[in-house]
$ cat target_32.pdb   # PDB, C-alpha atoms
ATOM      1  CA  MET Z   1     165.350 -87.285 253.767
ATOM      2  CA  THR Z   2     163.626 -90.183 252.044
ATOM      3  CA  VAL Z   3     165.450 -93.481 251.729
ATOM      4  CA  LEU Z   4     164.417 -95.570 248.732
ATOM      5  CA  THR Z   5     163.920 -99.287 249.298
ATOM      6  CA  ALA Z   6     166.292-100.296 246.482
ATOM      7  CA  ASP Z   7     169.084 -98.172 247.968
ATOM      8  CA  LEU Z   8     168.305 -99.401 251.473
ATOM      9  CA  TYR Z   9     168.482-103.033 250.352
ATOM     10  CA  ASP Z  10     171.786-102.370 248.558
ATOM     11  CA  GLU Z  11     173.135-100.915 251.802
ATOM     12  CA  ARG Z  12     171.746-103.416 254.333
ATOM     13  CA  GLY Z  13     171.102-106.587 252.303
ATOM     14  CA  ASP Z  14     170.122-109.618 254.334
ATOM     15  CA  GLU Z  15     169.356-107.506 257.405
ATOM     16  CA  LEU Z  16     166.074-106.875 255.582
ATOM     17  CA  GLN Z  17     163.288-109.091 254.261
ATOM     18  CA  SER Z  18     161.770-108.166 250.904
ATOM     19  CA  VAL Z  19     158.056-108.853 250.403
ATOM     20  CA  PRO Z  20     157.610-110.716 247.083
ATOM     21  CA  LEU Z  21     153.834-110.177 246.936
ATOM     22  CA  GLN Z  22     152.957-107.368 244.521
ATOM     23  CA  PHE Z  23     151.027-104.823 246.601
ATOM     24  CA  GLN Z  24     149.498-101.818 244.853
ATOM     25  CA  THR Z  25     150.370 -98.296 246.003
ATOM     26  CA  ILE Z  26     147.010 -96.687 246.779
ATOM     27  CA  GLY Z  27     147.556 -93.951 249.367
ATOM     28  CA  GLY Z  28     148.594 -90.391 248.645
ATOM     29  CA  ARG Z  29     151.997 -90.984 250.221
ATOM     30  CA  ALA Z  30     153.932 -93.506 248.097
ATOM     31  CA  GLN Z  31     157.018 -93.551 250.343
ATOM     32  CA  PHE Z  32     156.442 -94.291 254.010
ATOM     33  CA  SER Z  33     158.011 -96.152 256.889
ATOM     34  CA  GLY Z  34     157.676 -96.607 260.614
ATOM     35  CA  PRO Z  35     157.462 -99.039 263.467
ATOM     36  CA  ILE Z  36     155.206-102.011 262.813
ATOM     37  CA  ARG Z  37     151.865-102.566 264.527
ATOM     38  CA  THR Z  38     149.757-105.524 263.407
ATOM     39  CA  VAL Z  39     146.197-106.744 263.202
ATOM     40  CA  THR Z  40     144.864-110.009 261.812
ATOM     41  CA  CYS Z  41     141.249-109.881 260.675
ATOM     42  CA  PHE Z  42     139.383-111.745 257.951
ATOM     43  CA  GLU Z  43     136.742-109.731 256.095
ATOM     44  CA  ASP Z  44     136.027-107.749 259.291
ATOM     45  CA  ASN Z  45     137.406-104.256 259.933
ATOM     46  CA  ALA Z  46     136.065-103.327 263.393
ATOM     47  CA  LEU Z  47     139.319-104.178 265.202
ATOM     48  CA  LEU Z  48     141.537-102.303 262.749
ATOM     49  CA  LYS Z  49     139.200 -99.286 262.950
ATOM     50  CA  SER Z  50     139.554 -99.253 266.743
ATOM     51  CA  ILE Z  51     143.363 -99.447 266.476
ATOM     52  CA  LEU Z  52     143.556 -96.641 263.889
ATOM     53  CA  SER Z  53     141.368 -94.538 266.209
ATOM     54  CA  THR Z  54     144.281 -94.400 268.675
ATOM     55  CA  PRO Z  55     147.502 -92.350 268.367
ATOM     56  CA  GLY Z  56     149.728 -93.904 265.711
ATOM     57  CA  ASP Z  57     152.908 -91.945 266.454
ATOM     58  CA  GLY Z  58     154.161 -92.559 262.903
ATOM     59  CA  ALA Z  59     153.587 -96.327 262.964
ATOM     60  CA  VAL Z  60     152.533 -98.517 260.035
ATOM     61  CA  LEU Z  61     149.614-100.868 260.632
ATOM     62  CA  VAL Z  62     150.144-104.210 258.906
ATOM     63  CA  ILE Z  63     146.724-105.751 258.332
ATOM     64  CA  ASP Z  64     146.611-109.449 257.519
ATOM     65  CA  GLY Z  65     143.238-110.033 255.910
ATOM     66  CA  GLY Z  66     144.284-113.429 254.624
ATOM     67  CA  GLY Z  67     144.601-112.049 251.105
ATOM     68  CA  SER Z  68     140.825-111.880 250.715
ATOM     69  CA  LEU Z  69     139.478-109.547 248.059
ATOM     70  CA  ASN Z  70     135.832-110.381 248.901
ATOM     71  CA  SER Z  71     135.313-107.163 250.884
ATOM     72  CA  ALA Z  72     137.237-104.010 251.729
ATOM     73  CA  LEU Z  73     139.065-103.724 255.035
ATOM     74  CA  MET Z  74     139.701 -99.976 254.643
ATOM     75  CA  GLY Z  75     137.693 -97.176 253.086
ATOM     76  CA  ASP Z  76     138.011 -93.413 253.145
ATOM     77  CA  MET Z  77     136.536 -92.951 256.638
ATOM     78  CA  ILE Z  78     138.971 -95.380 258.291
ATOM     79  CA  ALA Z  79     141.846 -93.904 256.278
ATOM     80  CA  ASP Z  80     140.805 -90.430 257.515
ATOM     81  CA  LEU Z  81     141.014 -91.751 261.099
ATOM     82  CA  ALA Z  82     144.552 -92.966 260.446
ATOM     83  CA  VAL Z  83     145.615 -89.545 259.145
ATOM     84  CA  ALA Z  84     143.953 -87.717 262.045
ATOM     85  CA  ASN Z  85     145.705 -89.967 264.562
ATOM     86  CA  GLY Z  86     149.221 -89.688 263.145
ATOM     87  CA  TRP Z  87     149.692 -93.064 261.439
ATOM     88  CA  SER Z  88     152.332 -93.189 258.695
ATOM     89  CA  GLY Z  89     150.502 -95.832 256.701
ATOM     90  CA  ALA Z  90     148.906 -99.241 256.336
ATOM     91  CA  ILE Z  91     149.840-102.406 254.481
ATOM     92  CA  ILE Z  92     146.718-104.428 253.747
ATOM     93  CA  ASN Z  93     146.878-108.085 252.766
ATOM     94  CA  GLY Z  94     143.379-107.645 251.381
ATOM     95  CA  ALA Z  95     141.227-105.018 249.705
ATOM     96  CA  VAL Z  96     140.336-101.351 250.130
ATOM     97  CA  ARG Z  97     137.519 -99.253 248.730
ATOM     98  CA  ASP Z  98     137.255 -95.505 248.015
ATOM     99  CA  ARG Z  99     140.576 -95.636 246.147
ATOM    100  CA  ILE Z 100     140.346 -92.088 244.796
ATOM    101  CA  ALA Z 101     139.621 -90.583 248.224
ATOM    102  CA  ILE Z 102     142.406 -92.622 249.873
ATOM    103  CA  GLY Z 103     144.779 -91.536 247.115
ATOM    104  CA  ALA Z 104     144.153 -87.903 248.045
ATOM    105  CA  LEU Z 105     145.185 -88.422 251.696
ATOM    106  CA  ASP Z 106     148.645 -87.914 253.180
ATOM    107  CA  LEU Z 107     148.790 -91.574 254.162
ATOM    108  CA  GLY Z 108     150.774 -94.493 252.824
ATOM    109  CA  VAL Z 109     148.487 -97.357 251.824
ATOM    110  CA  LYS Z 110     149.474-100.551 250.067
ATOM    111  CA  ALA Z 111     146.842-103.203 249.351
ATOM    112  CA  LEU Z 112     146.238-106.143 247.045
ATOM    113  CA  GLY Z 113     143.335-104.441 245.270
ATOM    114  CA  SER Z 114     139.914-102.931 245.763
ATOM    115  CA  ASN Z 115     136.300-103.975 246.167
ATOM    116  CA  PRO Z 116     133.356-101.629 246.863
ATOM    117  CA  ARG Z 117     131.764-104.191 249.212
ATOM    118  CA  LYS Z 118     132.105-103.285 252.889
ATOM    119  CA  SER Z 119     133.348-105.804 255.426
ATOM    120  CA  SER Z 120     131.597-107.162 258.495
ATOM    121  CA  LYS Z 121     131.948-105.402 261.854
ATOM    122  CA  THR Z 122     132.089-108.083 264.579
ATOM    123  CA  GLY Z 123     135.510-107.124 265.950
ATOM    124  CA  ALA Z 124     137.005-110.562 265.314
ATOM    125  CA  GLY Z 125     140.771-110.746 265.056
ATOM    126  CA  THR Z 126     144.012-110.280 266.960
ATOM    127  CA  ALA Z 127     146.237-107.255 267.485
ATOM    128  CA  ASP Z 128     149.969-106.723 267.950
ATOM    129  CA  ALA Z 129     151.018-110.316 267.276
ATOM    130  CA  VAL Z 130     153.665-111.482 264.821
ATOM    131  CA  VAL Z 131     152.173-111.708 261.316
ATOM    132  CA  GLU Z 132     153.568-113.582 258.300
ATOM    133  CA  ILE Z 133     152.635-112.503 254.772
ATOM    134  CA  ALA Z 134     154.162-114.190 251.705
ATOM    135  CA  GLY Z 135     156.894-115.729 253.863
ATOM    136  CA  VAL Z 136     157.917-112.385 255.390
ATOM    137  CA  VAL Z 137     157.621-111.931 259.155
ATOM    138  CA  PHE Z 138     156.231-108.623 260.477
ATOM    139  CA  THR Z 139     157.168-108.231 264.145
ATOM    140  CA  PRO Z 140     155.545-105.414 266.138
ATOM    141  CA  GLY Z 141     158.099-102.713 266.945
ATOM    142  CA  ARG Z 142     160.443-103.493 264.063
ATOM    143  CA  THR Z 143     160.611-101.062 261.142
ATOM    144  CA  VAL Z 144     158.960-101.430 257.746
ATOM    145  CA  TYR Z 145     159.945 -99.383 254.677
ATOM    146  CA  CYS Z 146     157.628 -98.887 251.680
ATOM    147  CA  ASP Z 147     157.850 -97.142 248.329
ATOM    148  CA  GLU Z 148     156.927 -97.680 244.692
ATOM    149  CA  ASP Z 149     159.442-100.544 244.410
ATOM    150  CA  GLY Z 150     158.042-102.577 247.281
ATOM    151  CA  ILE Z 151     158.177-103.346 250.971
ATOM    152  CA  LEU Z 152     161.203-104.102 253.172
ATOM    153  CA  VAL Z 153     160.999-105.360 256.760
ATOM    154  CA  GLU Z 154     163.727-105.484 259.407
ATOM    155  CA  ARG Z 155     164.560-109.013 260.533
TER
END

$ encode --input "target_32.pdb" --output "structure tokens"
Amino acid sequence: MTVLTADLYDERGDELQSVPLQFQTIGGRAQFSGPIRTVTCFEDNALLKSILSTPGDGAVLVIDGGGSLNSALMGDMIADLAVANGWSGAIINGAVRDRIAIGALDLGVKALGSNPRKSSKTGAGTADAVVEIAGVVFTPGRTVYCDEDGILVER
């Protein structure tokens, strides 16, 4: 049974943080949730690709790209990896590309926008550390809930 974020917030209130940043729903699955995993990477997607190549077990990868829209952190091939490895979704504080292909996948994806330019591939970044986006703290292992209304995060 799907729980909508508005109903969940009405029920749990201040137990949850609400992300004020207006992410776009891009993936084929508009409603998704799961335990948080994180990666911080700026205009470089090698680390997030390696993480999404491992079993996701229904987790949501929160990708802090610093809000950059200069290049895409996820395209259709990386999104395909996430689906194949059992990830519930990804929240990208940055851009994607291949929007139409990603929209056809059974994967939740929220991002700030899109850019056809690919990112660099040096592997720079950090994984599974606490990430803060728009004043909201994403702690690995806590649960995140996403739908068309927005994103809620357990405190």

$ closest_residue --input "target_32.pdb" --among "Z:Thr2, Z:Ser50, Z:Asn115, Z:Gln31" --to "Ser88 in chain Z" --atoms "all atoms listed in the file"
Z:Gln31

$ closest_residue --input "target_32.pdb" --among "Z:Phe42, Z:Phe23, Z:Trp87, Z:Phe138" --to "Ser71 in chain Z" --atoms "all atoms listed in the file"
Z:Phe42

$ resolve_selection --input "target_32.pdb" --expression "the PyMOL selection byres ((chain Z and resi 7) around 12)" --output "CSV table (one decimal) with C-alpha atoms, in the coordinates of the input"
chain,number,residue,atom,x,y,z
Z,2,THR,CA,163.6,-90.2,252.0
Z,3,VAL,CA,165.4,-93.5,251.7
Z,4,LEU,CA,164.4,-95.6,248.7
Z,5,THR,CA,163.9,-99.3,249.3
Z,6,ALA,CA,166.3,-100.3,246.5
Z,8,LEU,CA,168.3,-99.4,251.5
Z,9,TYR,CA,168.5,-103.0,250.4
Z,10,ASP,CA,171.8,-102.4,248.6
Z,11,GLU,CA,173.1,-100.9,251.8
Z,12,ARG,CA,171.7,-103.4,254.3
Z,13,GLY,CA,171.1,-106.6,252.3
Z,16,LEU,CA,166.1,-106.9,255.6
Z,145,TYR,CA,159.9,-99.4,254.7
Z,147,ASP,CA,157.8,-97.1,248.3
Z,149,ASP,CA,159.4,-100.5,244.4
Z,150,GLY,CA,158.0,-102.6,247.3
Z,152,LEU,CA,161.2,-104.1,253.2

$ resolve_selection --input "target_32.pdb" --expression "the PyMOL selection byres ((chain Z and resi 68) around 10)" --output "MDAnalysis selection string"
chainID Z and resid 42:43 64:67 69:73 92:95 112:113

$ resolve_selection --input "target_32.pdb" --expression "the PyMOL selection byres ((chain Z and resi 26) around 9)" --output "short mmCIF file (atom, residue, chain, number, x, y, z; two decimals) with C-alpha atoms, in the coordinates of the input"
data_model
loop_
_atom_site.label_atom_id
_atom_site.label_comp_id
_atom_site.auth_asym_id
_atom_site.auth_seq_id
_atom_site.Cartn_x
_atom_site.Cartn_y
_atom_site.Cartn_z
CA GLN Z 24 149.50 -101.82 244.85
CA THR Z 25 150.37 -98.30 246.00
CA GLY Z 27 147.56 -93.95 249.37
CA GLY Z 28 148.59 -90.39 248.64
CA ARG Z 29 152.00 -90.98 250.22
CA ALA Z 30 153.93 -93.51 248.10
CA VAL Z 96 140.34 -101.35 250.13
CA ARG Z 99 140.58 -95.64 246.15
CA ILE Z 100 140.35 -92.09 244.80
CA ILE Z 102 142.41 -92.62 249.87
CA GLY Z 103 144.78 -91.54 247.12
CA GLY Z 108 150.77 -94.49 252.82
CA VAL Z 109 148.49 -97.36 251.82
CA LYS Z 110 149.47 -100.55 250.07
CA ALA Z 111 146.84 -103.20 249.35
CA GLY Z 113 143.34 -104.44 245.27
#

$ axis_aligned_box --input "target_32.pdb" --around "range 18-36 of chain Z" --padding-each-side "8 Å" --output "lines of an AutoDock Vina configuration file"
center_x = 154.4
center_y = -100.6
center_z = 254.0
size_x = 30.8
size_y = 36.3
size_z = 34.9

$ residues_around --input "target_32.pdb" --residues "Gly135 in chain Z" --least-positions-apart "4" --cutoff "10 Å" --atoms "only C-alpha atoms" --output "MDAnalysis selection string"
chainID Z and resid 17:21 131

$ atom_distance --input "target_32.pdb" --atom1 "CA of Asn45 in chain Z" --atom2 "CA of Cys146 in chain Z"
22.5 Å

$ closest_residue --input "target_32.pdb" --among "Z:Ala82, Z:Met77, Z:Gly123, Z:Val130" --to "Gly58 in chain Z" --atoms "all atoms listed in the file"
Z:Ala82

$ residues_around --input "target_32.pdb" --residues "Leu48 in chain Z" --least-positions-apart "2" --cutoff "12 Å" --atoms "all atoms listed in the file" --output "PDB file with C-alpha atoms, in the frame of the given file"
ATOM      1  CA  ARG Z  37     151.865-102.566 264.527  1.00  0.00           C
ATOM      2  CA  THR Z  38     149.757-105.524 263.407  1.00  0.00           C
ATOM      3  CA  VAL Z  39     146.197-106.744 263.202  1.00  0.00           C
ATOM      4  CA  THR Z  40     144.864-110.009 261.812  1.00  0.00           C
ATOM      5  CA  CYS Z  41     141.249-109.881 260.675  1.00  0.00           C
ATOM      6  CA  PHE Z  42     139.383-111.745 257.951  1.00  0.00           C
ATOM      7  CA  GLU Z  43     136.742-109.731 256.095  1.00  0.00           C
ATOM      8  CA  ASP Z  44     136.027-107.749 259.291  1.00  0.00           C
ATOM      9  CA  ASN Z  45     137.406-104.256 259.933  1.00  0.00           C
ATOM     10  CA  ALA Z  46     136.065-103.327 263.393  1.00  0.00           C
ATOM     11  CA  SER Z  50     139.554 -99.253 266.743  1.00  0.00           C
ATOM     12  CA  ILE Z  51     143.363 -99.447 266.476  1.00  0.00           C
ATOM     13  CA  LEU Z  52     143.556 -96.641 263.889  1.00  0.00           C
ATOM     14  CA  SER Z  53     141.368 -94.538 266.209  1.00  0.00           C
ATOM     15  CA  THR Z  54     144.281 -94.400 268.675  1.00  0.00           C
ATOM     16  CA  VAL Z  60     152.533 -98.517 260.035  1.00  0.00           C
ATOM     17  CA  LEU Z  61     149.614-100.868 260.632  1.00  0.00           C
ATOM     18  CA  VAL Z  62     150.144-104.210 258.906  1.00  0.00           C
ATOM     19  CA  ILE Z  63     146.724-105.751 258.332  1.00  0.00           C
ATOM     20  CA  ASP Z  64     146.611-109.449 257.519  1.00  0.00           C
ATOM     21  CA  GLY Z  65     143.238-110.033 255.910  1.00  0.00           C
ATOM     22  CA  ALA Z  72     137.237-104.010 251.729  1.00  0.00           C
ATOM     23  CA  LEU Z  73     139.065-103.724 255.035  1.00  0.00           C
ATOM     24  CA  MET Z  74     139.701 -99.976 254.643  1.00  0.00           C
ATOM     25  CA  GLY Z  75     137.693 -97.176 253.086  1.00  0.00           C
ATOM     26  CA  ILE Z  78     138.971 -95.380 258.291  1.00  0.00           C
ATOM     27  CA  ALA Z  79     141.846 -93.904 256.278  1.00  0.00           C
ATOM     28  CA  LEU Z  81     141.014 -91.751 261.099  1.00  0.00           C
ATOM     29  CA  ALA Z  82     144.552 -92.966 260.446  1.00  0.00           C
ATOM     30  CA  ALA Z  90     148.906 -99.241 256.336  1.00  0.00           C
ATOM     31  CA  ILE Z  91     149.840-102.406 254.481  1.00  0.00           C
ATOM     32  CA  ILE Z  92     146.718-104.428 253.747  1.00  0.00           C
ATOM     33  CA  SER Z 119     133.348-105.804 255.426  1.00  0.00           C
ATOM     34  CA  SER Z 120     131.597-107.162 258.495  1.00  0.00           C
ATOM     35  CA  LYS Z 121     131.948-105.402 261.854  1.00  0.00           C
ATOM     36  CA  THR Z 122     132.089-108.083 264.579  1.00  0.00           C
ATOM     37  CA  GLY Z 123     135.510-107.124 265.950  1.00  0.00           C
ATOM     38  CA  ALA Z 124     137.005-110.562 265.314  1.00  0.00           C
ATOM     39  CA  GLY Z 125     140.771-110.746 265.056  1.00  0.00           C
ATOM     40  CA  THR Z 126     144.012-110.280 266.960  1.00  0.00           C
ATOM     41  CA  ALA Z 127     146.237-107.255 267.485  1.00  0.00           C
ATOM     42  CA  ASP Z 128     149.969-106.723 267.950  1.00  0.00           C
TER      43      ASP Z 128
END

$ atom_distance --input "target_32.pdb" --atom1 "CA of Pro35 in chain Z" --atom2 "CA of Val144 in chain Z"
6.4 Å

$ atom_distance --input "target_32.pdb" --atom1 "CA of Asn85 in chain Z" --atom2 "CA of Asp57 in chain Z"
7.7 Å

$ closest_residue --input "target_32.pdb" --among "Z:Ala101, Z:Ala129, Z:Ile151, Z:Leu107" --to "Gly56 in chain Z" --atoms "all atoms listed in the file"
Z:Leu107

$ decode --input "target_32.pdb" --residues "range 86-97 of chain Z" --atoms "all heavy atoms" --output "short mmCIF file (atom, residue, chain, number, x, y, z; two decimals), in the first residue's frame"
data_model
loop_
_atom_site.label_atom_id
_atom_site.label_comp_id
_atom_site.auth_asym_id
_atom_site.auth_seq_id
_atom_site.Cartn_x
_atom_site.Cartn_y
_atom_site.Cartn_z
N GLY Z 86 18.16 -3.47 -8.00
CA GLY Z 86 17.15 -3.42 -6.94
C GLY Z 86 17.07 -2.14 -6.13
O GLY Z 86 16.60 -2.16 -4.98
N TRP Z 87 17.50 -1.01 -6.70
CA TRP Z 87 17.35 0.27 -6.03
C TRP Z 87 15.92 0.78 -6.20
O TRP Z 87 15.32 0.61 -7.26
CB TRP Z 87 18.34 1.28 -6.59
CG TRP Z 87 19.76 0.95 -6.23
CD1 TRP Z 87 20.58 0.05 -6.85
CD2 TRP Z 87 20.50 1.47 -5.13
NE1 TRP Z 87 21.79 -0.01 -6.21
CE2 TRP Z 87 21.77 0.85 -5.15
CE3 TRP Z 87 20.22 2.41 -4.14
CZ2 TRP Z 87 22.75 1.15 -4.21
CZ3 TRP Z 87 21.21 2.70 -3.21
CH2 TRP Z 87 22.46 2.07 -3.25
N SER Z 88 15.38 1.41 -5.18
CA SER Z 88 14.03 1.99 -5.26
C SER Z 88 14.06 3.29 -6.05
O SER Z 88 13.13 3.58 -6.80
CB SER Z 88 13.49 2.24 -3.85
OG SER Z 88 12.23 2.84 -3.90
N GLY Z 89 15.13 4.08 -5.87
CA GLY Z 89 15.18 5.35 -6.57
C GLY Z 89 16.42 6.14 -6.25
O GLY Z 89 17.32 5.68 -5.56
N ALA Z 90 16.44 7.37 -6.79
CA ALA Z 90 17.54 8.30 -6.58
C ALA Z 90 16.98 9.72 -6.50
O ALA Z 90 16.05 10.07 -7.22
CB ALA Z 90 18.55 8.21 -7.73
N ILE Z 91 17.56 10.49 -5.60
CA ILE Z 91 17.26 11.91 -5.47
C ILE Z 91 18.55 12.62 -5.82
O ILE Z 91 19.58 12.41 -5.17
CB ILE Z 91 16.82 12.26 -4.04
CG1 ILE Z 91 15.55 11.48 -3.66
CG2 ILE Z 91 16.62 13.77 -3.89
CD1 ILE Z 91 15.22 11.53 -2.19
N ILE Z 92 18.50 13.46 -6.86
CA ILE Z 92 19.72 14.04 -7.41
C ILE Z 92 19.69 15.56 -7.27
O ILE Z 92 18.89 16.23 -7.94
CB ILE Z 92 19.90 13.64 -8.88
CG1 ILE Z 92 19.88 12.11 -9.01
CG2 ILE Z 92 21.19 14.24 -9.45
CD1 ILE Z 92 19.71 11.61 -10.42
N ASN Z 93 20.54 16.08 -6.41
CA ASN Z 93 20.70 17.52 -6.27
C ASN Z 93 21.65 17.96 -7.39
O ASN Z 93 22.80 18.31 -7.18
CB ASN Z 93 21.26 17.88 -4.89
CG ASN Z 93 21.30 19.36 -4.65
OD1 ASN Z 93 20.59 20.13 -5.29
ND2 ASN Z 93 22.16 19.78 -3.74
N GLY Z 94 21.11 17.88 -8.61
CA GLY Z 94 21.86 18.13 -9.83
C GLY Z 94 21.00 17.71 -11.01
O GLY Z 94 19.78 17.63 -10.90
N ALA Z 95 21.67 17.44 -12.12
CA ALA Z 95 20.96 17.16 -13.38
C ALA Z 95 21.05 15.70 -13.80
O ALA Z 95 21.93 14.96 -13.38
CB ALA Z 95 21.54 18.04 -14.49
N VAL Z 96 20.10 15.33 -14.66
CA VAL Z 96 20.10 14.04 -15.36
C VAL Z 96 20.13 14.32 -16.85
O VAL Z 96 20.04 15.47 -17.28
CB VAL Z 96 18.84 13.19 -15.03
CG1 VAL Z 96 18.77 12.88 -13.55
CG2 VAL Z 96 17.57 13.86 -15.52
N ARG Z 97 20.26 13.27 -17.63
CA ARG Z 97 20.04 13.33 -19.07
C ARG Z 97 19.28 12.08 -19.47
O ARG Z 97 19.04 11.22 -18.62
CB ARG Z 97 21.35 13.47 -19.85
CG ARG Z 97 22.28 12.30 -19.77
CD ARG Z 97 23.60 12.66 -20.42
NE ARG Z 97 24.27 11.48 -20.94
CZ ARG Z 97 25.22 11.52 -21.85
NH1 ARG Z 97 25.60 12.68 -22.36
NH2 ARG Z 97 25.80 10.43 -22.25
#
